[in-house]
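Asks: Before I ask anything, here is the structure I am working with.
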Amino acid sequence: MKVIRARTLGFCPGVRLAVATAQKAAAGATASGRQAFVLGQIVHNPRVSARLESLGMRRIDEAGLDGSGKSAPAGAVVVIRSHGAAPEVFDRLRSAGAEIVDATCPRVATNQKAAASFAARGFLVVIAGDRGHGETLGVAGWAPGAIVVSSPDEARSVPGDRPVALIAQTTISENEYDAIRAALLERRPDLVDAGGVCGASRERQAAVAGFLGKVDAVLVVGGKNSANTRRLAELSSSLGLPTWHVESAADIPPELGNFDSVGLTAGASTPDEDIDEAEAALLRLSQ
Ligand code: F3S
C-alpha cells in the first residue's frame, strides 16, 4: 500500500503555541508549588490532554470550578486555550486570584477584537460556526448581542434591522461559511466580512481536496470531538472518497489494508506522534 500524507496536516501554529505554553505553565506551576489548570480541554485530542494531566494540569470550567466542583485556589495558574474566552471569564478568574496565562491563538484574538469593535459601532455581530463551541462562545462574549448561526436557514432568520458583521469560527469549512454568508446577504446586502476561516484550516481542507484522483481512500486522524477534524472527514466523504475518522492508530479498521493507496490527514489538534503511528499502522496492514 502507498500512504500519501496530505501536504498540510496536524497541529496548526495556534495549537502548537498553546500546547507548548500550557506545558511550560504546568512545569512552572509545579516548580513554584502551585496548582495549574487549563480552561476546558486544551485541544480536542486525548493524547495531548493526557500529557498535560501527567504534568499535573487539571481542567477548570468557565465558572472557575474543577471537575469536583471546587474553585481553583488563589494563586493557581490558569491557561486559556487557543479557542480563547469571553472577557467575563478572565474577570471571574482574576477576581478569584488566579494568574492567567493567555494562550488564545492570535488569529482568534483578532476576531474577538473585530467582534468587539463592530458591536460597539452598532452592528449585529453574527458568528458562523458551532453553537456551544468554546471559540464561538468566547468571540460572542466580546460582542454584546452577538448571535451564532450554524446553517443558511438560521442565517435567514437573523434580524435585518441593523447592519451585520459576519465572523467565522476559524475552523469551519469554506463551503459552510460561503453558504451562511450568501443567506445573510439576502437579508443584508451591506453585510461586512469581519473575519473569515483561518488560513491554517483552509490549507488543511484544500489538502484533502487535493486527494481526489490520487488516492483510493482517506484516513483522518484526530479527536472525535474535534470540530476541525470532523470537517476534514466530512469534506473527504463529500468528495466521494471512502473515508475513516479514527482517534488513534489502534482504531484503524483492517479493511483499509484492501486499498492500494490511502491519503492520510489529521486535524489541527492532532499531534505529530498520532500521525506517525497511524502511518506506521497503515503500512503494517499491507504487509
Ligand atoms: Fe489559530 Fe487557525 Fe489554529 S485560528 S488555533 S491557527 S486553526
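Naming scheme: A, B, ... for chains in displayed order of the C-alpha cells; residues 1 onward per chain; ligands 1 onward as shown.
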If you run DSSP on this backbone, which residues of range 41-232 of chain A come out as strand (DSSP E or B), and could you give them as a PyMOL selection string?
Replies: chain A and resi 57-60+65-66+71+77-80+99-102+124-128+147-149+164-168+192-195+217-221
Asks: With C-alpha atoms retained, could you export that selection as a PDB file, in the first residue's frame?
Replies:
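New file out00.pdb:
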```
ATOM      1  CA  MET A  57      -2.503  20.188  34.894  1.00  0.00           C
ATOM      2  CA  ARG A  58      -6.212  19.858  35.642  1.00  0.00           C
ATOM      3  CA  ARG A  59      -9.265  21.177  33.879  1.00  0.00           C
ATOM      4  CA  ILE A  60     -11.376  24.045  35.085  1.00  0.00           C
ATOM      5  CA  LEU A  65     -14.648  25.171  39.082  1.00  0.00           C
ATOM      6  CA  ASP A  66     -12.615  21.988  38.708  1.00  0.00           C
ATOM      7  CA  SER A  71     -12.871  26.556  42.972  1.00  0.00           C
ATOM      8  CA  VAL A  77      -2.113  29.241  37.264  1.00  0.00           C
ATOM      9  CA  VAL A  78      -4.916  29.068  34.676  1.00  0.00           C
ATOM     10  CA  VAL A  79      -4.137  28.646  30.973  1.00  0.00           C
ATOM     11  CA  ILE A  80      -6.638  29.996  28.460  1.00  0.00           C
ATOM     12  CA  GLU A  99      -2.692  34.006  37.473  1.00  0.00           C
ATOM     13  CA  ILE A 100      -3.841  33.828  33.859  1.00  0.00           C
ATOM     14  CA  VAL A 101      -1.605  32.573  31.076  1.00  0.00           C
ATOM     15  CA  ASP A 102      -3.374  33.570  27.882  1.00  0.00           C
ATOM     16  CA  LEU A 124     -25.189  42.934  14.829  1.00  0.00           C
ATOM     17  CA  VAL A 125     -22.242  40.524  15.045  1.00  0.00           C
ATOM     18  CA  VAL A 126     -23.083  37.136  13.537  1.00  0.00           C
ATOM     19  CA  ILE A 127     -20.682  34.258  14.129  1.00  0.00           C
ATOM     20  CA  ALA A 128     -20.832  31.414  11.601  1.00  0.00           C
ATOM     21  CA  ILE A 147     -25.542  35.537  17.700  1.00  0.00           C
ATOM     22  CA  VAL A 148     -24.158  32.250  16.410  1.00  0.00           C
ATOM     23  CA  VAL A 149     -25.635  30.708  13.265  1.00  0.00           C
ATOM     24  CA  VAL A 164     -24.445  42.876  10.096  1.00  0.00           C
ATOM     25  CA  ALA A 165     -20.774  41.984  10.600  1.00  0.00           C
ATOM     26  CA  LEU A 166     -20.061  38.311   9.875  1.00  0.00           C
ATOM     27  CA  ILE A 167     -17.225  36.465  11.623  1.00  0.00           C
ATOM     28  CA  ALA A 168     -16.329  32.822  11.019  1.00  0.00           C
ATOM     29  CA  VAL A 192     -19.460  43.239   6.234  1.00  0.00           C
ATOM     30  CA  ASP A 193     -16.994  40.324   6.242  1.00  0.00           C
ATOM     31  CA  ALA A 194     -15.261  40.853   9.561  1.00  0.00           C
ATOM     32  CA  GLY A 195     -13.169  37.674   9.838  1.00  0.00           C
ATOM     33  CA  ALA A 217      -9.365   6.004   0.414  1.00  0.00           C
ATOM     34  CA  VAL A 218      -8.672   8.536   3.144  1.00  0.00           C
ATOM     35  CA  LEU A 219      -7.783   8.166   6.810  1.00  0.00           C
ATOM     36  CA  VAL A 220      -8.437  11.191   9.041  1.00  0.00           C
ATOM     37  CA  VAL A 221      -6.735  11.116  12.437  1.00  0.00           C
TER      38      VAL A 221
END
```
Asks: When the cut-off is 9 Å and you count only C-alpha atoms and all ligand atoms, which residues lie near ligand 1, shown as a PyMOL selection string?
Replies: chain A and resi 11-18+81-83+104-109+169-171+197-202+228+268-269
Asks: For Ala86 in chain A, please output as an NGL selection string all residues within 10 Å (counting only C-alpha atoms; exclusion window: fewer than 4 positions along the same chain).
Replies: :A and (62 or 90-91 or 112 or 134-143)
Asks: Would you put the residues from that selection into a file with C-alpha atoms, as a compact mmCIF listing (two decimals), in the first residue's frame?
Replies:
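Ended up saving to again-v3.txt:
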```
# COMPACT_ATOMS: atom_id res chain seq x y z
CA GLU A 62 -15.81 28.80 32.79
CA PHE A 90 -10.98 36.46 32.51
CA ASP A 91 -12.56 38.80 35.08
CA GLN A 112 -12.51 38.84 19.21
CA GLY A 134 -15.51 27.26 23.06
CA GLU A 135 -14.32 29.61 20.34
CA THR A 136 -17.76 30.87 19.31
CA LEU A 137 -18.77 31.34 22.96
CA GLY A 138 -15.58 33.30 23.52
CA VAL A 139 -15.94 35.55 20.46
CA ALA A 140 -19.63 36.15 21.26
CA GLY A 141 -18.60 37.22 24.74
CA TRP A 142 -16.63 40.12 23.28
CA ALA A 143 -19.62 41.43 21.31
```
Asks: Determine the nearest neighbour of Gln41 in chain A from the options A:Gly84, A:Gly210, A:Ala6, A:Gly75, counting only C-alpha atoms.
Replies: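 So, comparing all the options, the nearest one is A:Gly84.
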Asks: Just checking: using only C-alpha atoms, which residue out of A:Leu212, A:Ala63, A:Gly69, A:Ser286 ends up closest to Leu93 in chain A?
Replies: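 Under the stated criterion, the closest residue is A:Ala63.
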Asks: Which residue, A:Ala207, A:Lys70, A:Gly122, A:Met1, has the smallest gap to Ala281 in chain A when you use only C-alpha atoms?
Replies: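 When distances to Ala281 in chain A are compared using only C-alpha atoms, the smallest one comes from A:Met1.
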Asks: DSSP on the backbone: what in range 110-221 of chain A comes out helix (DSSP H, G or I), as an NGL selection string?
Replies: :A and (110-120 or 134-141 or 152-156 or 174-187 or 199-209)
Asks: Identify which of the residues A:Val48, A:Val89, A:Leu239, A:Ala146 lies closest to Glu273 in chain A, counting only C-alpha atoms when measuring atom-to-atom distances.
Replies: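 For Glu273 in chain A, the nearest of the given residues is A:Val48.
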Asks: Go through A:Arg156, A:Lys24, A:Arg284, A:Arg92 and flag the residue nearest Ala249 in chain A, using only C-alpha atoms for the distances.
Replies: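 Selected residue with least distance to Ala249 in chain A: A:Arg284.
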Asks: Counting only C-alpha atoms, which residues in range 219-247 of chain A sit no more than 12 Å from range 257-263 of chain A? For each one, give the nearest pair of atoms and the distance in Å, sorted by chain then residue number, as a tab-separated table.
Replies:
```
residue	atom	partner	partner_atom	distance
A:Leu219	CA	A:Gly263	CA	6.1
A:Val220	CA	A:Gly263	CA	8.4
A:Val221	CA	A:Gly263	CA	11.0
A:Leu232	CA	A:Gly263	CA	11.9
A:Ala233	CA	A:Gly263	CA	11.5
A:Ser236	CA	A:Gly263	CA	9.9
A:Leu241	CA	A:Gly263	CA	9.7
A:Pro242	CA	A:Val262	CA	9.6
A:Thr243	CA	A:Gly263	CA	9.3
A:Trp244	CA	A:Val262	CA	10.4
A:His245	CA	A:Gly263	CA	11.9
```
Asks: Would you kindly return, as a PDB file with N, CA and C atoms, in the first residue's frame, each protein, DNA or RNA residue with an atom no farther than 9 Å from any atom of Ala179 in chain A, considering only C-alpha atoms and excluding same-chain residues fewer than 4 positions away?
Replies:
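Output file selection.pdb follows:
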```
ATOM      1  N   SER A 151     -26.234  27.413  10.156  1.00  0.00           N
ATOM      2  CA  SER A 151     -26.710  26.945   8.853  1.00  0.00           C
ATOM      3  C   SER A 151     -27.294  28.124   8.080  1.00  0.00           C
ATOM      4  N   PRO A 152     -27.434  27.986   6.755  1.00  0.00           N
ATOM      5  CA  PRO A 152     -28.060  29.052   5.968  1.00  0.00           C
ATOM      6  C   PRO A 152     -29.493  29.337   6.447  1.00  0.00           C
ATOM      7  N   GLU A 174     -14.905  26.271   4.327  1.00  0.00           N
ATOM      8  CA  GLU A 174     -15.163  27.411   3.435  1.00  0.00           C
ATOM      9  C   GLU A 174     -16.577  27.329   2.879  1.00  0.00           C
ATOM     10  N   ASN A 175     -17.010  26.088   2.551  1.00  0.00           N
ATOM     11  CA  ASN A 175     -18.348  25.916   1.970  1.00  0.00           C
ATOM     12  C   ASN A 175     -19.441  26.356   2.936  1.00  0.00           C
ATOM     13  N   ALA A 183     -26.691  33.421   2.460  1.00  0.00           N
ATOM     14  CA  ALA A 183     -28.034  33.545   3.055  1.00  0.00           C
ATOM     15  C   ALA A 183     -28.183  34.878   3.787  1.00  0.00           C
ATOM     16  N   LEU A 184     -27.132  35.298   4.466  1.00  0.00           N
ATOM     17  CA  LEU A 184     -27.194  36.581   5.177  1.00  0.00           C
ATOM     18  C   LEU A 184     -27.286  37.759   4.206  1.00  0.00           C
TER      19      LEU A 184
END
```
Asks: Distance CA of Ala36 in chain A-CA of Asp272 in chain A, one decimal place?
Replies: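 It comes out at 24.7 Å.
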Asks: Within 9 Å of Lys224 in chain A, counting only C-alpha atoms, which residues qualify if same-chain residues fewer than 5 places away don't, as an MDAnalysis selection string?
Replies: chainID A and resid 44:45 229:230 245:247
Asks: Store the residues picked out above, limited to all heavy atoms, as a PDB file, in the first residue's frame.
Replies:
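Result written to selection02.pdb:
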```
ATOM      1  N   HIS A  44      -8.874  19.336  21.410  1.00  0.00           N
ATOM      2  CA  HIS A  44      -9.735  18.154  21.435  1.00  0.00           C
ATOM      3  C   HIS A  44      -8.952  16.938  20.974  1.00  0.00           C
ATOM      4  O   HIS A  44      -9.185  16.395  19.894  1.00  0.00           O
ATOM      5  CB  HIS A  44     -10.984  18.394  20.579  1.00  0.00           C
ATOM      6  CG  HIS A  44     -11.855  19.475  21.133  1.00  0.00           C
ATOM      7  ND1 HIS A  44     -12.423  20.467  20.376  1.00  0.00           N
ATOM      8  CD2 HIS A  44     -12.238  19.731  22.409  1.00  0.00           C
ATOM      9  CE1 HIS A  44     -13.124  21.281  21.152  1.00  0.00           C
ATOM     10  NE2 HIS A  44     -13.021  20.853  22.386  1.00  0.00           N
ATOM     11  N   ASN A  45      -8.008  16.526  21.819  1.00  0.00           N
ATOM     12  CA  ASN A  45      -7.200  15.355  21.491  1.00  0.00           C
ATOM     13  C   ASN A  45      -6.822  14.625  22.783  1.00  0.00           C
ATOM     14  O   ASN A  45      -6.243  15.232  23.688  1.00  0.00           O
ATOM     15  CB  ASN A  45      -5.930  15.777  20.742  1.00  0.00           C
ATOM     16  CG  ASN A  45      -5.090  14.573  20.366  1.00  0.00           C
ATOM     17  OD1 ASN A  45      -4.277  14.123  21.148  1.00  0.00           O
ATOM     18  ND2 ASN A  45      -5.321  14.033  19.187  1.00  0.00           N
ATOM     19  N   THR A 229     -11.336  18.472  12.805  1.00  0.00           N
ATOM     20  CA  THR A 229     -11.015  17.130  12.300  1.00  0.00           C
ATOM     21  C   THR A 229     -12.246  16.506  11.642  1.00  0.00           C
ATOM     22  O   THR A 229     -12.171  15.931  10.552  1.00  0.00           O
ATOM     23  CB  THR A 229     -10.539  16.218  13.460  1.00  0.00           C
ATOM     24  OG1 THR A 229      -9.497  16.876  14.167  1.00  0.00           O
ATOM     25  CG2 THR A 229     -10.045  14.881  12.947  1.00  0.00           C
ATOM     26  N   ARG A 230     -13.378  16.678  12.328  1.00  0.00           N
ATOM     27  CA  ARG A 230     -14.639  16.134  11.785  1.00  0.00           C
ATOM     28  C   ARG A 230     -14.930  16.732  10.407  1.00  0.00           C
ATOM     29  O   ARG A 230     -15.362  16.052   9.494  1.00  0.00           O
ATOM     30  CB  ARG A 230     -15.761  16.487  12.762  1.00  0.00           C
ATOM     31  CG  ARG A 230     -16.699  15.341  13.035  1.00  0.00           C
ATOM     32  CD  ARG A 230     -17.743  15.674  14.068  1.00  0.00           C
ATOM     33  NE  ARG A 230     -18.280  17.013  13.992  1.00  0.00           N
ATOM     34  CZ  ARG A 230     -18.231  17.884  14.994  1.00  0.00           C
ATOM     35  NH1 ARG A 230     -17.677  17.553  16.131  1.00  0.00           N
ATOM     36  NH2 ARG A 230     -18.747  19.090  14.848  1.00  0.00           N
ATOM     37  N   HIS A 245     -12.516   8.079  10.024  1.00  0.00           N
ATOM     38  CA  HIS A 245     -12.018   9.031  11.023  1.00  0.00           C
ATOM     39  C   HIS A 245     -11.713   8.244  12.296  1.00  0.00           C
ATOM     40  O   HIS A 245     -12.616   7.644  12.883  1.00  0.00           O
ATOM     41  CB  HIS A 245     -13.099  10.109  11.270  1.00  0.00           C
ATOM     42  CG  HIS A 245     -12.772  11.064  12.385  1.00  0.00           C
ATOM     43  ND1 HIS A 245     -13.632  12.049  12.801  1.00  0.00           N
ATOM     44  CD2 HIS A 245     -11.669  11.199  13.178  1.00  0.00           C
ATOM     45  CE1 HIS A 245     -13.088  12.738  13.788  1.00  0.00           C
ATOM     46  NE2 HIS A 245     -11.903  12.241  14.037  1.00  0.00           N
ATOM     47  N   VAL A 246     -10.459   8.222  12.684  1.00  0.00           N
ATOM     48  CA  VAL A 246     -10.068   7.481  13.900  1.00  0.00           C
ATOM     49  C   VAL A 246      -9.341   8.424  14.852  1.00  0.00           C
ATOM     50  O   VAL A 246      -8.747   9.420  14.432  1.00  0.00           O
ATOM     51  CB  VAL A 246      -9.153   6.275  13.578  1.00  0.00           C
ATOM     52  CG1 VAL A 246      -9.849   5.280  12.673  1.00  0.00           C
ATOM     53  CG2 VAL A 246      -7.827   6.740  12.961  1.00  0.00           C
ATOM     54  N   GLU A 247      -9.385   8.072  16.153  1.00  0.00           N
ATOM     55  CA  GLU A 247      -8.670   8.903  17.133  1.00  0.00           C
ATOM     56  C   GLU A 247      -7.208   8.487  17.243  1.00  0.00           C
ATOM     57  O   GLU A 247      -6.363   9.300  17.585  1.00  0.00           O
ATOM     58  CB  GLU A 247      -9.342   8.792  18.501  1.00  0.00           C
ATOM     59  CG  GLU A 247     -10.651   9.538  18.556  1.00  0.00           C
ATOM     60  CD  GLU A 247     -11.066   9.957  19.958  1.00  0.00           C
ATOM     61  OE1 GLU A 247     -10.664   9.289  20.932  1.00  0.00           O
ATOM     62  OE2 GLU A 247     -11.809  10.948  20.061  1.00  0.00           O
TER      63      GLU A 247
END
```
